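Below is structure.cif, holding mmCIF, C-alpha atoms and all ligand atoms.
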data_final
loop_
_atom_site.label_atom_id
_atom_site.label_comp_id
_atom_site.auth_asym_id
_atom_site.auth_seq_id
_atom_site.Cartn_x
_atom_site.Cartn_y
_atom_site.Cartn_z
CA MET A 2 0.00 0.00 0.00
CA ASN A 3 1.39 3.37 -1.05
CA PRO A 4 1.70 5.24 2.26
CA ILE A 5 0.88 8.69 0.95
CA ALA A 6 -1.72 7.92 -1.67
CA GLU A 7 -4.47 8.52 0.84
CA ASN A 8 -3.05 11.92 1.86
CA ILE A 9 -2.80 12.91 -1.78
CA ARG A 10 -6.36 11.85 -2.46
CA ARG A 11 -7.61 13.84 0.53
CA VAL A 12 -5.69 16.99 -0.40
CA GLN A 13 -6.81 16.81 -4.03
CA GLU A 14 -10.40 16.42 -2.93
CA LYS A 15 -10.11 19.50 -0.70
CA ILE A 16 -8.57 21.47 -3.56
CA SER A 17 -11.42 20.48 -5.89
CA ASN A 18 -14.07 21.28 -3.34
CA ALA A 19 -12.56 24.69 -2.56
CA ALA A 20 -12.42 25.51 -6.27
CA LEU A 21 -15.94 24.30 -7.00
CA SER A 22 -17.35 26.11 -3.96
CA CYS A 23 -16.36 29.44 -5.50
CA GLY A 24 -17.31 28.67 -9.06
CA ARG A 25 -13.86 27.72 -10.33
CA ALA A 26 -12.89 24.64 -12.29
CA ALA A 27 -10.95 22.10 -10.22
CA GLU A 28 -8.26 22.05 -12.93
CA SER A 29 -7.64 25.76 -12.50
CA VAL A 30 -5.63 24.99 -9.35
CA LYS A 31 -2.35 23.12 -9.56
CA LEU A 32 -0.90 21.25 -6.62
CA VAL A 33 2.80 21.85 -6.07
CA ALA A 34 3.89 19.15 -3.62
CA VAL A 35 6.55 20.64 -1.35
CA THR A 36 9.29 18.11 -0.75
CA LYS A 37 12.00 19.87 1.25
CA THR A 38 13.54 17.22 3.58
CA VAL A 39 11.39 14.47 1.98
CA GLU A 40 13.48 11.53 0.76
CA PRO A 41 13.44 10.56 -2.93
CA GLU A 42 11.68 7.26 -2.23
CA LYS A 43 8.68 9.08 -0.80
CA ILE A 44 8.65 11.42 -3.78
CA ARG A 45 8.63 8.34 -5.98
CA ASN A 46 5.59 7.10 -4.06
CA ALA A 47 3.91 10.41 -4.75
CA VAL A 48 4.70 10.14 -8.46
CA GLU A 49 3.24 6.64 -8.50
CA ALA A 50 0.12 8.03 -6.84
CA GLY A 51 -0.25 10.54 -9.67
CA LEU A 52 1.60 13.73 -8.67
CA ASN A 53 4.01 15.30 -11.13
CA CYS A 54 4.83 18.75 -9.77
CA PHE A 55 7.20 19.18 -6.84
CA GLY A 56 8.56 22.22 -5.05
CA GLU A 57 12.03 22.39 -3.53
CA ASN A 58 13.62 25.08 -1.35
CA TYR A 59 17.32 24.28 -1.49
CA ILE A 60 19.44 23.95 -4.60
CA GLN A 61 21.85 21.30 -3.35
CA GLU A 62 19.02 19.09 -2.10
CA ALA A 63 17.07 19.58 -5.33
CA ARG A 64 20.04 18.66 -7.51
CA GLN A 65 20.46 15.38 -5.65
CA LYS A 66 16.79 14.52 -5.85
CA ALA A 67 16.41 15.50 -9.49
CA GLY A 68 19.33 13.17 -10.20
CA ALA A 69 17.91 10.30 -8.14
CA LEU A 70 14.51 10.69 -9.81
CA ALA A 71 15.69 11.41 -13.34
CA ASP A 72 13.63 8.47 -14.64
CA CYS A 73 10.39 10.07 -13.38
CA ASP A 74 8.36 12.59 -15.35
CA ILE A 75 8.55 15.46 -12.86
CA SER A 76 8.09 19.18 -13.18
CA TRP A 77 10.33 20.76 -10.51
CA HIS A 78 9.51 24.17 -9.09
CA PHE A 79 11.92 26.24 -7.01
CA ILE A 80 10.17 27.92 -4.07
CA GLY A 81 13.03 28.89 -1.72
CA HIS A 82 15.34 31.87 -1.54
CA LEU A 83 17.70 31.80 -4.50
CA GLN A 84 21.15 33.35 -4.39
CA SER A 85 22.37 34.78 -7.69
CA ASN A 86 25.43 32.53 -7.69
CA LYS A 87 23.16 29.45 -7.61
CA ALA A 88 21.15 30.48 -10.66
CA LYS A 89 23.40 28.34 -12.85
CA TYR A 90 22.24 25.23 -11.01
CA ALA A 91 18.59 26.27 -10.86
CA VAL A 92 17.99 26.94 -14.54
CA PRO A 93 18.69 23.39 -15.77
CA ILE A 94 16.36 21.82 -13.20
CA PHE A 95 13.35 24.04 -12.62
CA ASP A 96 10.39 24.68 -14.91
CA LEU A 97 9.25 27.54 -12.70
CA ILE A 98 11.19 29.66 -10.20
CA HIS A 99 8.66 31.19 -7.76
CA SER A 100 11.04 33.39 -5.83
CA VAL A 101 12.52 36.14 -8.00
CA ASP A 102 12.66 39.31 -5.94
CA THR A 103 15.55 41.44 -7.21
CA PHE A 104 16.71 42.62 -10.60
CA LYS A 105 20.18 41.31 -9.84
CA LEU A 106 18.83 37.79 -9.43
CA ALA A 107 16.64 38.12 -12.52
CA ARG A 108 19.60 39.25 -14.59
CA GLU A 109 21.69 36.28 -13.52
CA ILE A 110 18.88 33.78 -14.21
CA ASN A 111 18.44 35.42 -17.59
CA ARG A 112 22.14 35.06 -18.34
CA GLN A 113 22.08 31.37 -17.47
CA ALA A 114 18.93 30.78 -19.50
CA GLU A 115 20.44 32.55 -22.49
CA LYS A 116 23.54 30.33 -22.27
CA ARG A 117 21.30 27.30 -22.52
CA GLY A 118 19.08 28.74 -25.22
CA LEU A 119 15.90 28.59 -23.18
CA VAL A 120 13.33 30.93 -21.68
CA GLN A 121 13.05 30.51 -17.92
CA LYS A 122 9.59 30.93 -16.43
CA ILE A 123 9.51 32.88 -13.19
CA LEU A 124 7.19 34.40 -10.62
CA ILE A 125 7.90 37.58 -8.69
CA GLN A 126 7.85 36.95 -4.95
CA VAL A 127 6.13 39.70 -2.97
CA ASN A 128 6.69 40.38 0.73
CA LEU A 129 3.23 41.60 1.75
CA GLY A 130 3.80 41.48 5.50
CA GLU A 131 6.90 43.70 5.29
CA GLU A 132 8.66 41.06 7.37
CA GLU A 133 12.42 41.47 7.41
CA SER A 134 12.91 37.75 7.86
CA LYS A 135 11.18 36.98 4.59
CA SER A 136 12.27 37.30 1.00
CA GLY A 137 10.25 39.16 -1.55
CA VAL A 138 10.00 42.57 -3.12
CA GLN A 139 7.84 45.22 -1.42
CA GLU A 140 4.36 45.63 -2.83
CA ASN A 141 4.99 49.13 -4.20
CA GLU A 142 8.07 47.96 -6.11
CA VAL A 143 6.44 45.07 -7.97
CA LEU A 144 5.34 46.94 -11.10
CA GLY A 145 8.73 48.61 -11.47
CA LEU A 146 10.60 45.35 -11.07
CA ALA A 147 8.28 43.60 -13.55
CA GLY A 148 8.93 46.36 -16.08
CA GLN A 149 12.70 45.96 -15.69
CA ILE A 150 12.55 42.17 -15.89
CA SER A 151 10.35 42.30 -18.98
CA GLU A 152 13.35 43.68 -20.86
CA LEU A 153 15.26 40.44 -20.27
CA GLU A 154 14.63 38.22 -23.26
CA ASN A 155 15.27 34.85 -21.65
CA LEU A 156 12.86 35.33 -18.76
CA SER A 157 9.10 35.04 -18.80
CA ILE A 158 7.08 36.47 -15.90
CA GLN A 159 4.14 34.14 -15.29
CA GLY A 160 2.69 35.76 -12.18
CA LEU A 161 3.19 36.45 -8.48
CA MET A 162 4.00 34.46 -5.36
CA THR A 163 3.72 35.28 -1.68
CA MET A 164 4.51 33.76 1.67
CA PRO A 165 2.28 35.74 4.08
CA PRO A 166 2.93 36.20 7.79
CA PHE A 167 2.02 33.15 9.85
CA PHE A 168 -1.38 33.00 11.56
CA ASP A 169 -2.96 29.86 12.93
CA GLN A 170 -6.35 31.03 11.65
CA PRO A 171 -6.54 30.93 7.86
CA GLU A 172 -9.11 33.73 7.80
CA LYS A 173 -6.42 36.11 9.03
CA VAL A 174 -4.33 35.30 5.98
CA ARG A 175 -7.17 36.03 3.57
CA PRO A 176 -6.45 39.78 3.29
CA PHE A 177 -2.89 39.01 2.17
CA PHE A 178 -4.10 36.61 -0.51
CA ARG A 179 -6.61 39.20 -1.65
CA ARG A 180 -3.89 41.83 -1.90
CA LEU A 181 -1.74 39.56 -4.05
CA ALA A 182 -4.69 38.89 -6.36
CA LEU A 183 -5.32 42.64 -6.69
CA LEU A 184 -1.66 43.22 -7.39
CA ARG A 185 -1.78 40.67 -10.16
CA GLU A 186 -4.76 42.52 -11.68
CA LYS A 187 -2.77 45.73 -11.55
CA LEU A 188 0.21 44.08 -13.16
CA ALA A 189 -1.97 42.60 -15.90
CA GLY A 190 -3.48 46.05 -16.43
CA GLN A 191 -0.05 47.49 -17.17
CA GLN A 192 0.01 45.43 -20.35
CA ILE A 193 3.77 45.16 -20.27
CA PRO A 194 4.84 43.48 -23.52
CA GLY A 195 5.44 39.79 -22.97
CA VAL A 196 4.08 39.77 -19.42
CA VAL A 197 0.95 37.65 -19.00
CA PRO A 198 0.68 37.15 -15.25
CA ASN A 199 -1.80 34.30 -15.05
CA GLU A 200 -0.35 32.55 -12.04
CA LEU A 201 -0.85 33.23 -8.34
CA SER A 202 1.29 31.02 -6.11
CA MET A 203 -0.18 31.20 -2.62
CA GLY A 204 -1.57 28.89 0.05
CA MET A 205 0.10 26.14 2.07
CA THR A 206 -1.14 23.29 4.30
CA GLY A 207 -2.86 25.58 6.81
CA ASP A 208 -4.58 27.96 4.44
CA PHE A 209 -4.76 26.64 0.87
CA GLU A 210 -8.55 26.54 0.76
CA VAL A 211 -8.76 30.24 1.58
CA ALA A 212 -6.03 30.92 -0.99
CA ILE A 213 -8.08 29.10 -3.64
CA GLU A 214 -11.14 31.18 -2.75
CA GLU A 215 -8.93 34.23 -3.36
CA SER A 216 -7.82 33.00 -6.81
CA ALA A 217 -4.67 30.94 -6.17
CA THR A 218 -3.61 28.93 -9.23
CA LEU A 219 -0.63 27.20 -7.59
CA VAL A 220 -0.89 25.90 -4.03
CA ARG A 221 2.32 24.80 -2.31
CA ILE A 222 1.55 21.97 0.09
CA GLY A 223 4.01 19.89 2.09
CA THR A 224 2.86 18.81 5.54
CA ALA A 225 -0.63 17.68 4.53
CA LEU A 226 0.94 15.28 2.01
CA PHE A 227 4.14 14.06 3.66
CA GLY A 228 3.53 14.69 7.38
CA GLU A 229 5.40 16.98 9.76
CA ARG A 230 8.97 17.75 8.77
CA ALA A 231 11.69 16.59 11.19
C1 LIG Y 1 7.71 24.64 3.24
C2 LIG Y 1 7.03 25.57 2.33
C3 LIG Y 1 5.70 25.33 1.92
C4 LIG Y 1 4.84 24.18 2.42
O1 LIG Y 1 4.45 24.38 3.74
P1 LIG Y 1 3.44 23.34 4.45
O2 LIG Y 1 2.89 24.13 5.58
O3 LIG Y 1 4.27 22.18 4.89
O4 LIG Y 1 2.41 22.93 3.49
C5 LIG Y 1 5.15 26.21 0.99
N1 LIG Y 1 5.84 27.24 0.48
C6 LIG Y 1 7.11 27.50 0.86
C7 LIG Y 1 7.82 28.66 0.26
C8 LIG Y 1 7.74 26.67 1.78
O5 LIG Y 1 8.99 26.95 2.14
#
Just give me the structure of the file as structure tokens.
Ligand SMILES: *Cc1c(COP(=O)(O)O)cnc(C)c1O
Amino acid sequence: MNPIAENIRRVQEKISNAALSCGRAAESVKLVAVTKTVEPEKIRNAVEAGLNCFGENYIQEARQKAGALADCDISWHFIGHLQSNKAKYAVPIFDLIHSVDTFKLAREINRQAEKRGLVQKILIQVNLGEEESKSGVQENEVLGLAGQISELENLSIQGLMTMPPFFDQPEKVRPFFRRLALLREKLAGQQIPGVVPNELSMGMTGDFEVAIEESATLVRIGTALFGERA
């Protein structure tokens, strides 16, 4: 018996129900299974149970796992803080980098993507809680940064990501999700050439249903699938 198949089924059902309850199609929300600290064998179980999109926070760990699971059809997403000097390792592995928050980092990812002749998809990470401990560009700098990044030919901005302040009641997080959705509308309204910000990466184990009600298209879920991290 696949030990996490049941968790996956339960999470997917909750995602569908949350989407349907607010008039969205279940397929409009993609599950990014967060696998930091999760061993490759468990990820393989998750693939066998039907998942194909996984989020990693650390480059070194991700490189090892991508190698160990090279035979699986996996779309890897990078969701952690990325240092510019690690961009060269990130570009070959990740289909989507959720955490671009400076022009310096964007420029380096662009350079690495150009070297490999590909266009790297990215999200701009926004720090809505103005928390110093968290990565992300400030809300009022998002449009400016997007404009700058749009000039880089080997990057494609797909949308926005946020990691809101922690609250144990999901309702308290709702205003942050709503702000990110509004910010995406604003960004779309700018009609920056080449920028079609369809994606909103927000919502984790404790609050993904609220995030879906507020228009999340990518939910990043770890604990509900793989259990508490050590
Ligand atoms: C760890 C992590 C998650 C998943 O958190 P859970 O509460 O375990 O679902 C989501 N997003 C980011 C950026 C993370 O670092």
- Message: Distance limit 7 Å, reference ligand LIG 1 (chain Y), atoms considered: all atoms listed in the file. Which residues make the cut? Give them as a PyMOL selection string.
- Response: chain A and resi 35+37+58+80-81+164+205-207+221-225
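For the pair CA of Thr36 in chain A and CA of Tyr59 in chain A, the interatomic distance is 10.2 Å.
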Report as a Markdown table the residues of range 111-196 of chain A within 12 Å of range 91-105 of chain A, each with its shortest atom pair and distance in Å (one decimal), using only C-alpha atoms, ordered by chain and increasing residue number.
| residue | atom | partner | partner_atom | distance |
| --- | --- | --- | --- | --- |
| A:Asn111 | CA | A:Val92 | CA | 9.0 |
| A:Arg112 | CA | A:Val92 | CA | 9.9 |
| A:Gln113 | CA | A:Val92 | CA | 6.7 |
| A:Ala114 | CA | A:Val92 | CA | 6.3 |
| A:Glu115 | CA | A:Val92 | CA | 10.0 |
| A:Lys116 | CA | A:Val92 | CA | 10.1 |
| A:Arg117 | CA | A:Pro93 | CA | 8.2 |
| A:Gly118 | CA | A:Pro93 | CA | 10.9 |
| A:Leu119 | CA | A:Val92 | CA | 9.0 |
| A:Val120 | CA | A:Val92 | CA | 9.4 |
| A:Gln121 | CA | A:Val92 | CA | 7.0 |
| A:Lys122 | CA | A:Leu97 | CA | 5.1 |
| A:Ile123 | CA | A:Ile98 | CA | 4.7 |
| A:Leu124 | CA | A:His99 | CA | 4.5 |
| A:Ile125 | CA | A:Val101 | CA | 4.9 |
| A:Gln126 | CA | A:Ser100 | CA | 4.9 |
| A:Val127 | CA | A:Asp102 | CA | 7.2 |
| A:Asn128 | CA | A:Asp102 | CA | 9.0 |
| A:Lys135 | CA | A:Asp102 | CA | 10.9 |
| A:Ser136 | CA | A:Asp102 | CA | 7.2 |
| A:Gly137 | CA | A:Asp102 | CA | 5.0 |
| A:Val138 | CA | A:Asp102 | CA | 5.1 |
| A:Gln139 | CA | A:Asp102 | CA | 8.9 |
| A:Glu140 | CA | A:Asp102 | CA | 10.9 |
| A:Glu142 | CA | A:Asp102 | CA | 9.8 |
| A:Val143 | CA | A:Asp102 | CA | 8.7 |
| A:Leu144 | CA | A:Asp102 | CA | 11.8 |
| A:Gly145 | CA | A:Phe104 | CA | 10.0 |
| A:Leu146 | CA | A:Phe104 | CA | 6.7 |
| A:Ala147 | CA | A:Phe104 | CA | 9.0 |
| A:Gly148 | CA | A:Phe104 | CA | 10.2 |
| A:Gln149 | CA | A:Phe104 | CA | 7.3 |
| A:Ile150 | CA | A:Phe104 | CA | 6.7 |
| A:Ser151 | CA | A:Phe104 | CA | 10.5 |
| A:Glu152 | CA | A:Phe104 | CA | 10.8 |
| A:Leu153 | CA | A:Phe104 | CA | 10.0 |
| A:Asn155 | CA | A:Val92 | CA | 11.0 |
| A:Leu156 | CA | A:Ile98 | CA | 10.4 |
| A:Ser157 | CA | A:Leu97 | CA | 9.7 |
| A:Ile158 | CA | A:Val101 | CA | 9.6 |
| A:Gln159 | CA | A:Leu97 | CA | 8.7 |
| A:Gly160 | CA | A:His99 | CA | 8.7 |
| A:Leu161 | CA | A:His99 | CA | 7.6 |
| A:Met162 | CA | A:His99 | CA | 6.2 |
| A:Thr163 | CA | A:Ser100 | CA | 8.6 |
| A:Met164 | CA | A:Ser100 | CA | 10.0 |
- Item | Two-atom distance - CA of Asp169 in chain A, CA of Ala50 in chain A (Å) | 29.6 Å
- Message: I'd like the interatomic distance between CA of Glu40 in chain A and CA of Val211 in chain A, to a tenth of an Å.
- Response: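 Computing the Euclidean distance for CA of Glu40 in chain A and CA of Val211 in chain A yields 29.1 Å.
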- Taking only C-alpha atoms into account, which of A:Lys31, A:Arg25, A:Lys66, A:Arg45 comes nearest Ala6 in chain A?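 Of all the options, A:Arg45 lies closest to Ala6 in chain A.
Ranking A:Ile44, A:Ala217, A:Ile5, A:Ala63 by their shortest atom-to-atom distance to Arg185 in chain A, with all atoms listed in the file included, puts A:Ala217 first.
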- Write out as a list in words each polymer residue whose atoms come within 7 Å of Pro165 in chain A, counting all atoms listed in the file; drop sequence neighbours fewer than 4 positions from it.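 Contacts, in chain order: Leu129, Gly130, Val174 and Phe177 of chain A.
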Dump of C-alpha atoms for the selected residues, as a PDB file, in the coordinates of the input:
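Final output, saved to out_38.pdb:
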ATOM      1  CA  LEU A 129       3.230  41.600   1.750  1.00  0.00           C
ATOM      2  CA  GLY A 130       3.800  41.480   5.500  1.00  0.00           C
ATOM      3  CA  VAL A 174      -4.330  35.300   5.980  1.00  0.00           C
ATOM      4  CA  PHE A 177      -2.890  39.010   2.170  1.00  0.00           C
TER       5      PHE A 177
END
Would you compute the box with edges along x, y and z of the file around range 162-178 of chain A, including every atom the file lists for it and 5 Å extra on each side, and give its centre and edge lengths in Å to one decimal, as AutoDock Vina command-line options?
--center_x -2.3 --center_y 34.8 --center_z 3.8 --size_x 23.6 --size_y 19.9 --size_z 28.3
Would you mind completing range 71-97 of chain A to N, CA and C atoms and writing the output as a tab-separated table (two decimals), keeping the file's coordinate frame?
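Result saved to out.tsv:
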chain	number	residue	atom	x	y	z
A	71	ALA	N	15.61	10.99	-11.94
A	71	ALA	CA	15.69	11.41	-13.34
A	71	ALA	C	14.80	10.56	-14.25
A	72	ASP	N	14.48	9.35	-13.82
A	72	ASP	CA	13.63	8.47	-14.64
A	72	ASP	C	12.15	8.82	-14.50
A	73	CYS	N	11.80	9.71	-13.57
A	73	CYS	CA	10.39	10.07	-13.38
A	73	CYS	C	10.06	11.32	-14.19
A	74	ASP	N	8.81	11.42	-14.61
A	74	ASP	CA	8.36	12.59	-15.35
A	74	ASP	C	7.89	13.64	-14.35
A	75	ILE	N	8.83	14.50	-13.93
A	75	ILE	CA	8.55	15.46	-12.86
A	75	ILE	C	8.78	16.88	-13.35
A	76	SER	N	7.87	17.76	-12.97
A	76	SER	CA	8.09	19.18	-13.18
A	76	SER	C	8.54	19.76	-11.83
A	77	TRP	N	9.81	20.21	-11.76
A	77	TRP	CA	10.33	20.76	-10.51
A	77	TRP	C	10.11	22.27	-10.47
A	78	HIS	N	9.66	22.73	-9.31
A	78	HIS	CA	9.51	24.17	-9.09
A	78	HIS	C	10.45	24.59	-7.96
A	79	PHE	N	11.08	25.74	-8.10
A	79	PHE	CA	11.92	26.24	-7.01
A	79	PHE	C	11.12	27.27	-6.21
A	80	ILE	N	11.02	27.04	-4.89
A	80	ILE	CA	10.17	27.92	-4.07
A	80	ILE	C	10.95	28.59	-2.93
A	81	GLY	N	12.24	28.31	-2.82
A	81	GLY	CA	13.03	28.89	-1.72
A	81	GLY	C	13.73	30.16	-2.13
A	82	HIS	N	14.55	30.68	-1.23
A	82	HIS	CA	15.34	31.87	-1.54
A	82	HIS	C	16.50	31.46	-2.45
A	83	LEU	N	16.64	32.16	-3.55
A	83	LEU	CA	17.70	31.80	-4.50
A	83	LEU	C	18.79	32.86	-4.51
A	84	GLN	N	20.03	32.43	-4.29
A	84	GLN	CA	21.15	33.35	-4.39
A	84	GLN	C	21.58	33.42	-5.85
A	85	SER	N	22.00	34.60	-6.28
A	85	SER	CA	22.37	34.78	-7.69
A	85	SER	C	23.41	33.75	-8.14
A	86	ASN	N	24.36	33.45	-7.26
A	86	ASN	CA	25.43	32.53	-7.69
A	86	ASN	C	24.98	31.08	-7.81
A	87	LYS	N	23.71	30.81	-7.44
A	87	LYS	CA	23.16	29.45	-7.61
A	87	LYS	C	22.25	29.36	-8.83
A	88	ALA	N	22.07	30.47	-9.52
A	88	ALA	CA	21.15	30.48	-10.66
A	88	ALA	C	21.59	29.46	-11.71
A	89	LYS	N	22.89	29.27	-11.83
A	89	LYS	CA	23.40	28.34	-12.85
A	89	LYS	C	22.97	26.90	-12.58
A	90	TYR	N	22.73	26.58	-11.32
A	90	TYR	CA	22.24	25.23	-11.01
A	90	TYR	C	20.72	25.16	-11.12
A	91	ALA	N	20.06	26.27	-10.88
A	91	ALA	CA	18.59	26.27	-10.86
A	91	ALA	C	18.00	26.14	-12.26
A	92	VAL	N	18.58	26.88	-13.19
A	92	VAL	CA	17.99	26.94	-14.54
A	92	VAL	C	17.86	25.56	-15.21
A	93	PRO	N	18.86	24.68	-15.10
A	93	PRO	CA	18.69	23.39	-15.77
A	93	PRO	C	17.63	22.48	-15.15
A	94	ILE	N	17.26	22.74	-13.91
A	94	ILE	CA	16.36	21.82	-13.20
A	94	ILE	C	14.91	22.29	-13.21
A	95	PHE	N	14.69	23.59	-12.99
A	95	PHE	CA	13.35	24.04	-12.62
A	95	PHE	C	12.54	24.60	-13.78
A	96	ASP	N	11.31	24.13	-13.91
A	96	ASP	CA	10.39	24.68	-14.91
A	96	ASP	C	9.90	26.06	-14.49
A	97	LEU	N	9.74	26.24	-13.19
A	97	LEU	CA	9.25	27.54	-12.70
A	97	LEU	C	10.00	27.92	-11.43
